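model_17.csv follows (CSV, C-alpha atoms (C1' of nucleotides)):
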```csv
chain,number,residue,atom,x,y,z
U,1,MET,CA,25.4,-21.6,62.0
U,2,GLN,CA,28.8,-23.2,62.1
U,3,GLN,CA,28.5,-23.1,65.9
U,4,PHE,CA,25.0,-24.6,65.8
U,5,PHE,CA,26.2,-27.7,63.9
U,6,GLN,CA,29.3,-28.0,66.0
U,7,ALA,CA,27.0,-28.2,69.0
U,8,LEU,CA,25.2,-31.2,67.5
U,9,GLY,CA,28.5,-32.9,66.4
U,10,ASP,CA,29.2,-34.7,69.7
U,11,ASN,CA,27.6,-37.9,70.9
U,12,THR,CA,27.4,-37.0,74.5
U,13,ARG,CA,25.5,-33.8,73.6
U,14,LEU,CA,23.2,-35.7,71.3
U,15,ARG,CA,22.4,-38.1,74.1
U,16,LEU,CA,21.6,-35.1,76.4
U,17,LEU,CA,19.3,-33.5,73.8
U,18,ASN,CA,17.6,-36.8,73.2
U,19,LEU,CA,16.8,-37.2,76.9
U,20,MET,CA,15.4,-33.7,77.1
U,21,GLY,CA,13.2,-34.2,74.0
U,22,GLU,CA,10.3,-31.9,74.8
U,23,GLN,CA,10.5,-32.0,78.5
U,24,GLU,CA,12.7,-30.4,81.2
U,25,VAL,CA,15.1,-32.8,82.9
U,26,CYS,CA,17.1,-32.6,86.1
U,27,VAL,CA,20.9,-32.8,85.8
U,28,CYS,CA,20.9,-35.7,88.3
U,29,TYR,CA,19.2,-37.9,85.8
U,30,PHE,CA,21.7,-37.1,83.1
U,31,VAL,CA,24.4,-38.1,85.5
U,32,GLU,CA,22.5,-41.3,86.4
U,33,ILE,CA,21.7,-42.3,82.9
U,34,LEU,CA,24.8,-41.4,80.9
U,35,GLY,CA,26.9,-42.9,83.7
U,36,GLY,CA,29.9,-40.8,83.1
U,37,PRO,CA,31.6,-38.4,85.6
U,38,GLN,CA,29.4,-35.5,86.6
U,39,PRO,CA,31.8,-32.7,85.5
U,40,LYS,CA,31.7,-34.1,82.0
U,41,ILE,CA,28.0,-33.8,81.7
U,42,SER,CA,28.1,-30.3,83.3
U,43,ARG,CA,30.6,-29.2,80.7
U,44,HIS,CA,28.5,-30.4,77.8
U,45,LEU,CA,25.4,-28.8,79.2
U,46,ALA,CA,27.4,-25.5,79.5
U,47,TYR,CA,28.4,-26.0,75.9
U,48,LEU,CA,24.8,-26.4,74.8
U,49,ARG,CA,23.7,-23.5,76.9
U,50,ASN,CA,26.4,-21.3,75.4
U,51,ALA,CA,25.3,-22.3,71.9
U,52,GLY,CA,21.7,-21.2,72.8
U,53,ILE,CA,20.2,-24.6,72.4
U,54,VAL,CA,19.2,-25.3,75.9
U,55,SER,CA,18.3,-23.1,78.9
U,56,ALA,CA,18.7,-23.8,82.6
U,57,ARG,CA,16.4,-23.3,85.6
U,58,ARG,CA,17.4,-23.6,89.2
U,59,GLU,CA,15.1,-25.3,91.7
U,60,GLY,CA,16.8,-25.4,95.0
U,61,LYS,CA,19.8,-27.6,94.8
U,62,TRP,CA,18.7,-29.0,91.4
U,63,MET,CA,19.2,-27.6,88.0
U,64,HIS,CA,16.7,-28.4,85.2
U,65,TYR,CA,17.6,-28.1,81.6
U,66,ARG,CA,15.3,-27.9,78.6
U,67,ILE,CA,15.7,-27.4,74.9
U,68,VAL,CA,14.9,-23.9,73.6
U,69,MET,CA,13.8,-23.8,70.0
U,70,PRO,CA,16.0,-21.3,68.0
U,71,PRO,CA,14.2,-18.2,66.9
U,72,HIS,CA,15.2,-18.9,63.3
U,73,ILE,CA,12.5,-21.1,61.8
U,74,GLY,CA,14.9,-23.1,59.7
U,75,ALA,CA,17.2,-23.8,62.6
U,76,ALA,CA,14.2,-24.8,64.7
U,77,GLN,CA,13.1,-27.3,62.1
U,78,ILE,CA,16.5,-28.8,61.8
U,79,LEU,CA,16.6,-29.2,65.6
U,80,ARG,CA,13.2,-30.8,65.6
U,81,GLN,CA,14.1,-33.3,62.9
U,82,THR,CA,17.3,-34.1,64.6
U,83,LEU,CA,15.3,-35.0,67.7
U,84,ASP,CA,13.1,-37.2,65.6
U,85,TRP,CA,16.2,-38.8,64.1
U,86,LEU,CA,17.5,-39.6,67.5
U,87,LYS,CA,14.3,-41.4,68.5
U,88,GLU,CA,15.1,-44.0,65.8
U,89,ASP,CA,18.4,-44.9,67.2
U,90,ARG,CA,18.5,-48.0,69.4
U,91,ALA,CA,21.0,-46.6,72.0
U,92,MET,CA,19.0,-43.4,72.3
U,93,GLN,CA,15.8,-45.4,72.8
U,94,ALA,CA,17.5,-47.2,75.6
U,95,ASP,CA,18.5,-43.9,77.2
U,96,ARG,CA,14.9,-42.7,77.1
U,97,ALA,CA,13.6,-45.9,78.5
U,98,ARG,CA,15.9,-45.6,81.4
U,99,LEU,CA,14.6,-42.1,82.1
U,100,THR,CA,11.1,-43.3,82.0
U,101,ARG,CA,11.8,-46.1,84.5
U,102,ALA,CA,13.8,-43.9,86.8
U,103,CYS,CA,11.3,-44.1,89.6
U,104,CYS,CA,11.1,-47.9,89.6
U,105,SER,CA,14.8,-48.6,89.5
U,106,PRO,CA,15.6,-46.3,92.4
U,107,ALA,CA,19.2,-45.3,91.9
U,108,LYS,CA,21.2,-42.9,94.0
U,109,TYR,CA,18.9,-40.0,93.6
U,110,ALA,CA,15.5,-41.5,93.2
U,111,LEU,CA,14.7,-41.9,96.9
U,112,ASP,CA,16.2,-38.6,97.9
U,113,GLY,CA,13.5,-36.1,96.9
U,114,ALA,CA,15.0,-35.4,93.5
U,115,PRO,CA,12.5,-33.9,91.1
U,116,LEU,CA,11.0,-36.4,88.7
U,117,PRO,CA,10.9,-35.7,85.1
U,118,ALA,CA,7.4,-35.2,83.7
U,119,ALA,CA,7.5,-38.4,81.7
U,120,VAL,CA,8.1,-40.3,84.9
U,121,THR,CA,5.3,-38.8,86.9
U,122,GLU,CA,2.9,-39.5,84.0
U,123,SER,CA,3.9,-43.0,82.9
U,124,CYS,CA,5.8,-44.6,85.7
U,125,CYS,CA,4.5,-47.7,87.4
U,126,GLU,CA,2.4,-48.5,84.4
U,127,ALA,CA,5.5,-49.2,82.3
U,128,CYS,CA,7.1,-51.3,85.1
K,1,MET,CA,25.2,-39.0,63.0
K,2,GLN,CA,27.9,-37.3,65.0
K,3,GLN,CA,30.0,-37.4,61.8
K,4,PHE,CA,27.2,-35.9,59.8
K,5,PHE,CA,26.9,-32.9,62.0
K,6,GLN,CA,30.6,-32.5,62.3
K,7,ALA,CA,30.8,-32.3,58.5
K,8,LEU,CA,28.4,-29.4,58.6
K,9,GLY,CA,30.2,-27.7,61.4
K,10,ASP,CA,32.8,-25.8,59.3
K,11,ASN,CA,32.2,-22.6,57.4
K,12,THR,CA,34.3,-23.6,54.4
K,13,ARG,CA,32.4,-26.8,54.0
K,14,LEU,CA,29.1,-24.9,54.3
K,15,ARG,CA,30.2,-22.5,51.6
K,16,LEU,CA,31.1,-25.5,49.3
K,17,LEU,CA,27.7,-27.1,49.9
K,18,ASN,CA,26.0,-23.8,49.3
K,19,LEU,CA,27.7,-23.5,45.9
K,20,MET,CA,26.7,-27.0,44.9
K,21,GLY,CA,23.1,-26.5,45.9
K,22,GLU,CA,21.3,-28.9,43.5
K,23,GLN,CA,23.8,-28.7,40.7
K,24,GLU,CA,27.2,-30.3,40.0
K,25,VAL,CA,30.1,-27.9,40.2
K,26,CYS,CA,33.7,-28.1,39.0
K,27,VAL,CA,36.5,-27.8,41.5
K,28,CYS,CA,38.1,-24.9,39.6
K,29,TYR,CA,35.0,-22.7,40.5
K,30,PHE,CA,35.3,-23.5,44.1
K,31,VAL,CA,38.9,-22.4,44.0
K,32,GLU,CA,38.0,-19.3,42.1
K,33,ILE,CA,35.1,-18.3,44.3
K,34,LEU,CA,36.3,-19.2,47.8
K,35,GLY,CA,39.7,-17.6,46.9
K,36,GLY,CA,41.8,-19.7,49.3
K,37,PRO,CA,44.6,-22.1,48.4
K,38,GLN,CA,43.6,-25.0,46.3
K,39,PRO,CA,44.7,-27.8,48.7
K,40,LYS,CA,42.5,-26.4,51.4
K,41,ILE,CA,39.4,-26.8,49.2
K,42,SER,CA,40.5,-30.2,48.1
K,43,ARG,CA,40.9,-31.3,51.6
K,44,HIS,CA,37.4,-30.1,52.6
K,45,LEU,CA,35.9,-31.8,49.6
K,46,ALA,CA,37.6,-35.0,50.6
K,47,TYR,CA,36.1,-34.6,54.1
K,48,LEU,CA,32.6,-34.2,52.7
K,49,ARG,CA,33.2,-37.1,50.3
K,50,ASN,CA,34.4,-39.2,53.2
K,51,ALA,CA,31.3,-38.3,55.2
K,52,GLY,CA,29.1,-39.4,52.3
K,53,ILE,CA,27.6,-36.0,51.7
K,54,VAL,CA,29.0,-35.4,48.2
K,55,SER,CA,30.2,-37.5,45.3
K,56,ALA,CA,32.9,-36.8,42.7
K,57,ARG,CA,32.9,-37.4,39.0
K,58,ARG,CA,35.9,-37.0,36.8
K,59,GLU,CA,35.7,-35.4,33.4
K,60,GLY,CA,39.2,-35.2,31.8
K,61,LYS,CA,41.3,-33.0,34.0
K,62,TRP,CA,38.3,-31.7,35.8
K,63,MET,CA,36.5,-33.0,38.8
K,64,HIS,CA,32.9,-32.3,39.4
K,65,TYR,CA,31.3,-32.5,42.8
K,66,ARG,CA,27.6,-32.7,43.7
K,67,ILE,CA,25.6,-33.3,46.8
K,68,VAL,CA,24.2,-36.8,47.3
K,69,MET,CA,21.2,-37.0,49.5
K,70,PRO,CA,21.6,-39.3,52.4
K,71,PRO,CA,19.6,-42.5,52.2
K,72,HIS,CA,18.1,-41.8,55.6
K,73,ILE,CA,15.0,-39.6,55.1
K,74,GLY,CA,15.5,-37.6,58.2
K,75,ALA,CA,19.1,-36.9,57.4
K,76,ALA,CA,18.1,-35.9,53.9
K,77,GLN,CA,15.5,-33.4,55.2
K,78,ILE,CA,18.1,-31.9,57.5
K,79,LEU,CA,20.5,-31.5,54.7
K,80,ARG,CA,17.8,-29.9,52.5
K,81,GLN,CA,16.8,-27.5,55.2
K,82,THR,CA,20.4,-26.6,55.8
K,83,LEU,CA,20.8,-25.7,52.2
K,84,ASP,CA,17.7,-23.5,52.4
K,85,TRP,CA,19.1,-21.9,55.5
K,86,LEU,CA,22.3,-21.1,53.6
K,87,LYS,CA,20.4,-19.4,50.9
K,88,GLU,CA,19.2,-16.8,53.4
K,89,ASP,CA,22.7,-15.8,54.4
K,90,ARG,CA,24.2,-12.7,52.7
K,91,ALA,CA,27.7,-14.0,52.3
K,92,MET,CA,26.3,-17.3,50.8
K,93,GLN,CA,24.2,-15.3,48.4
K,94,ALA,CA,27.3,-13.4,47.3
K,95,ASP,CA,29.1,-16.7,46.6
K,96,ARG,CA,26.2,-18.0,44.5
K,97,ALA,CA,26.0,-14.8,42.6
K,98,ARG,CA,29.7,-15.0,41.8
K,99,LEU,CA,29.1,-18.6,40.5
K,100,THR,CA,26.3,-17.5,38.3
K,101,ARG,CA,28.3,-14.7,36.8
K,102,ALA,CA,31.3,-16.9,36.3
K,103,CYS,CA,31.2,-16.7,32.5
K,104,CYS,CA,31.0,-12.9,32.4
K,105,SER,CA,33.8,-12.2,34.7
K,106,PRO,CA,36.3,-14.4,33.0
K,107,ALA,CA,38.8,-15.3,35.6
K,108,LYS,CA,41.7,-17.7,35.3
K,109,TYR,CA,39.7,-20.7,34.1
K,110,ALA,CA,36.7,-19.3,32.3
K,111,LEU,CA,38.4,-18.8,29.0
K,112,ASP,CA,40.3,-22.1,29.1
K,113,GLY,CA,37.6,-24.6,28.3
K,114,ALA,CA,36.7,-25.3,31.9
K,115,PRO,CA,33.2,-26.8,32.2
K,116,LEU,CA,30.6,-24.3,33.1
K,117,PRO,CA,28.1,-25.1,35.9
K,118,ALA,CA,24.6,-25.7,34.8
K,119,ALA,CA,23.4,-22.4,36.3
K,120,VAL,CA,25.8,-20.5,34.2
K,121,THR,CA,24.9,-22.0,30.9
K,122,GLU,CA,21.3,-21.4,31.6
K,123,SER,CA,21.2,-17.9,33.1
K,124,CYS,CA,24.4,-16.2,32.1
K,125,CYS,CA,24.4,-13.1,29.9
K,126,GLU,CA,20.9,-12.4,31.0
K,127,ALA,CA,22.0,-11.7,34.5
K,128,CYS,CA,24.9,-9.5,33.4
W,1,DT,C1',27.6,-21.6,111.4
W,2,DG,C1',28.9,-25.8,109.5
W,3,DG,C1',28.3,-30.0,107.0
W,4,DA,C1',26.1,-32.5,103.3
W,5,DT,C1',24.6,-32.4,98.6
W,6,DA,C1',24.1,-30.9,93.6
W,7,DT,C1',26.2,-28.6,90.1
W,8,DA,C1',29.9,-25.7,87.9
W,9,DT,C1',34.5,-24.4,86.9
W,10,DT,C1',39.5,-24.9,86.5
W,11,DC,C1',43.7,-27.4,85.2
W,12,DA,C1',46.8,-30.3,82.8
W,13,DC,C1',46.8,-33.5,79.2
W,14,DC,C1',46.0,-35.4,74.8
W,15,DT,C1',43.8,-36.2,70.4
W,16,DG,C1',41.5,-34.4,66.2
W,17,DA,C1',41.3,-31.2,62.9
W,18,DG,C1',42.3,-26.9,60.3
W,19,DC,C1',46.1,-24.7,57.9
W,20,DG,C1',50.1,-23.4,54.6
W,21,DA,C1',53.8,-25.3,52.1
W,22,DA,C1',55.6,-28.8,49.5
W,23,DT,C1',54.9,-32.7,46.8
W,24,DA,C1',52.3,-36.4,44.4
W,25,DT,C1',48.9,-38.1,41.1
W,26,DG,C1',46.3,-38.1,36.9
W,27,DT,C1',45.0,-36.1,32.4
W,28,DT,C1',45.9,-33.7,28.0
W,29,DG,C1',48.4,-32.4,24.0
W,30,DC,C1',52.8,-32.1,21.6
G,1,DG,C1',58.0,-39.5,26.8
G,2,DC,C1',57.6,-34.8,28.3
G,3,DA,C1',55.6,-30.4,29.6
G,4,DA,C1',51.5,-28.1,31.3
G,5,DC,C1',47.6,-28.1,34.0
G,6,DA,C1',43.9,-29.6,37.5
G,7,DT,C1',43.4,-31.9,41.5
G,8,DA,C1',44.8,-34.7,45.6
G,9,DT,C1',47.7,-36.0,49.4
G,10,DT,C1',51.3,-35.5,52.8
G,11,DC,C1',53.9,-33.1,56.4
G,12,DG,C1',54.7,-30.2,60.3
G,13,DC,C1',52.6,-26.9,63.0
G,14,DT,C1',49.1,-25.0,65.8
G,15,DC,C1',44.9,-24.7,68.2
G,16,DA,C1',40.1,-25.9,69.6
G,17,DG,C1',37.9,-29.1,72.2
G,18,DG,C1',37.2,-33.5,74.8
G,19,DT,C1',38.6,-35.8,79.2
G,20,DG,C1',39.6,-37.0,84.2
G,21,DA,C1',41.0,-35.1,88.6
G,22,DA,C1',40.7,-31.6,91.6
G,23,DT,C1',38.4,-27.8,93.3
G,24,DA,C1',34.9,-24.1,93.7
G,25,DT,C1',30.1,-22.5,94.1
G,26,DA,C1',25.4,-22.7,95.6
G,27,DT,C1',21.7,-24.5,98.3
G,28,DC,C1',19.6,-27.0,102.1
G,29,DC,C1',19.3,-28.5,106.8
G,30,DA,C1',20.6,-29.2,111.5
```

Output the file's structure as structure tokens, nothing else.
Amino acid sequence: MQQFFQALGDNTRLRLLNLMGEQEVCVCYFVEILGGPQPKISRHLAYLRNAGIVSARREGKWMHYRIVMPPHIGAAQILRQTLDWLKEDRAMQADRARLTRACCSPAKYALDGAPLPAAVTESCCEAC
Amino acid sequence: MQQFFQALGDNTRLRLLNLMGEQEVCVCYFVEILGGPQPKISRHLAYLRNAGIVSARREGKWMHYRIVMPPHIGAAQILRQTLDWLKEDRAMQADRARLTRACCSPAKYALDGAPLPAAVTESCCEAC
DNA sequence: TGGATATATTCACCTGAGCGAATATGTTGC
DNA sequence: GCAACATATTCGCTCAGGTGAATATATCCA
């Protein structure tokens, strides 16, 4: 419980959770969008994984992370409301927008066969 | 937001919030029930006050603390559900029980004119 | 097999925060 | 004013945890 809230008590981790929302996201997009050094993101993802808040899935070279709802119903509701809260934040909205436009502003990974997040394959090139 | 979750990410502070629940509680009961040194409790109360989660009211020598619901509705719901979550925890239940029985197990302060928490004046001597 | 790429881990450093001990502040009653 | 009491703050210590730099691991492809 203490650990659960500590996991939410860091801005980088909140940004990661915000980007995942309901969908699975490849690490390369986290690196691209958050902009920081890759080991930093990897460490925070490990922290969240260790806290049981996200799970990882390997697909070739790429790793996908997604939120796993805690088995405890109260914790799950808190996590859901935290995600809703994040959606209201301007900076978090900007992060999400950048994820959605990932295919149209082809950065380092976009042209290289990196797996697109679901939101991109659905909505891209309409939003752009 | 980061600060909000950091405030919840400590077991002593969660115990304090659990004891406050919906009612106002005198510091002397926190000291009595948590058992630790008084400055420790005072520091954690200051932390919570600084984070805007509790407010203090002076009554003579005594200080009363109570939870203030955050103005943001999402944050308020998270706090409420956190309190509900705490109620399910065995150790937290034991803390609450000790607060309720405070008048019947007269410890250091109980005979000395210390203000009783609302739960005590309502339910005490029925529960004992 | 070897090189390129994506991700993870380790290391050294530094800051924030929890802690016990000591001390300060504020209130009451004599 | 002074003593007693409730609470708050400060100090020095220690440690968890965040960070950048370097390195390790894992996968793909030629």

Chain W residues near chain U (12 Å cut-off, all atoms listed in the file) as a compact mmCIF listing (two decimals) with C-alpha atoms (C1' of nucleotides), in the frame of the given file:
```
# COMPACT_ATOMS: atom_id res chain seq x y z
C1' DA W 4 26.10 -32.50 103.30
C1' DT W 5 24.60 -32.40 98.60
C1' DA W 6 24.10 -30.90 93.60
C1' DT W 7 26.20 -28.60 90.10
C1' DA W 8 29.90 -25.70 87.90
C1' DT W 9 34.50 -24.40 86.90
C1' DT W 10 39.50 -24.90 86.50
```

*Using all atoms listed in the file, which of G:DA30, G:DC13, G:DA6, G:DA24 sits nearest chain K?*
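Of G:DA30, G:DC13, G:DA6, G:DA24, the one nearest chain K is G:DA6, counting all atoms listed in the file.
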
*State, in Å with one decimal place, the distance from atom CA of Leu48 of chain U to atom CA of Leu17 of chain U.*
9.0 Å

_Please find the residues of chain G near chain K - the criterion being any atom within 10 Å, counting all atoms listed in the file - and write them as a list in words._
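That gives DC5, DA6, DT7, DA8 and DT9 of chain G for chain G.
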
*Interface residues on chain U facing chain K, 7 Å, all atoms listed in the file, written as a PyMOL selection string*: chain U and resi 2-3+5-6+8-11+74+78+81+85

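Between atom CA of Arg66 of chain U and atom CA of Val25 of chain U the separation is 6.5 Å.
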
*Kindly give the distance, in Å, that separates atom C1' of DC28 of chain G and atom CA of Ile41 of chain U, rounded to a single decimal.*
23.1 Å

*asked:* Under the rule that all atoms listed in the file are counted, which of G:DA4, G:DT10, G:DC15, G:DT27 is the nearest residue to DT27 of chain W?
replied: G:DA4

*Point out the residue among K:Leu99, K:Met20, K:Pro37, K:Tyr29 with the least atom-to-atom distance to DA21 of chain W, counting all atoms listed in the file.*
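Closest to DA21 of chain W, using all atoms listed in the file: K:Pro37.
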
*Find the residues with any atom within 8 Å of (39.2, -32.8, 84.7); use only C-alpha atoms (C1' of nucleotides) and the coordinates as given in the file, and write the answer as JSON, numbers by chain.*
{"U": [39], "W": [11], "G": [19, 20, 21, 22]}

Can you list, as a short mmCIF file (atom, residue, chain, number, x, y, z; two decimals) with C-alpha atoms (C1' of nucleotides), in the coordinates of the input, every protein, DNA or RNA residue that comes within 10 Å of DG18 of chain G when you count all atoms listed in the file, leaving out same-chain residues fewer than 5 positions away?
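Below you can see around06.cif, which holds the result:
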```cif
data_model
loop_
_atom_site.label_atom_id
_atom_site.label_comp_id
_atom_site.auth_asym_id
_atom_site.auth_seq_id
_atom_site.Cartn_x
_atom_site.Cartn_y
_atom_site.Cartn_z
CA ASP U 10 29.20 -34.70 69.70
CA LYS U 40 31.70 -34.10 82.00
CA ARG U 43 30.60 -29.20 80.70
CA HIS U 44 28.50 -30.40 77.80
"C1'" DC W 14 46.00 -35.40 74.80
"C1'" DT W 15 43.80 -36.20 70.40
"C1'" DG W 16 41.50 -34.40 66.20
#
```
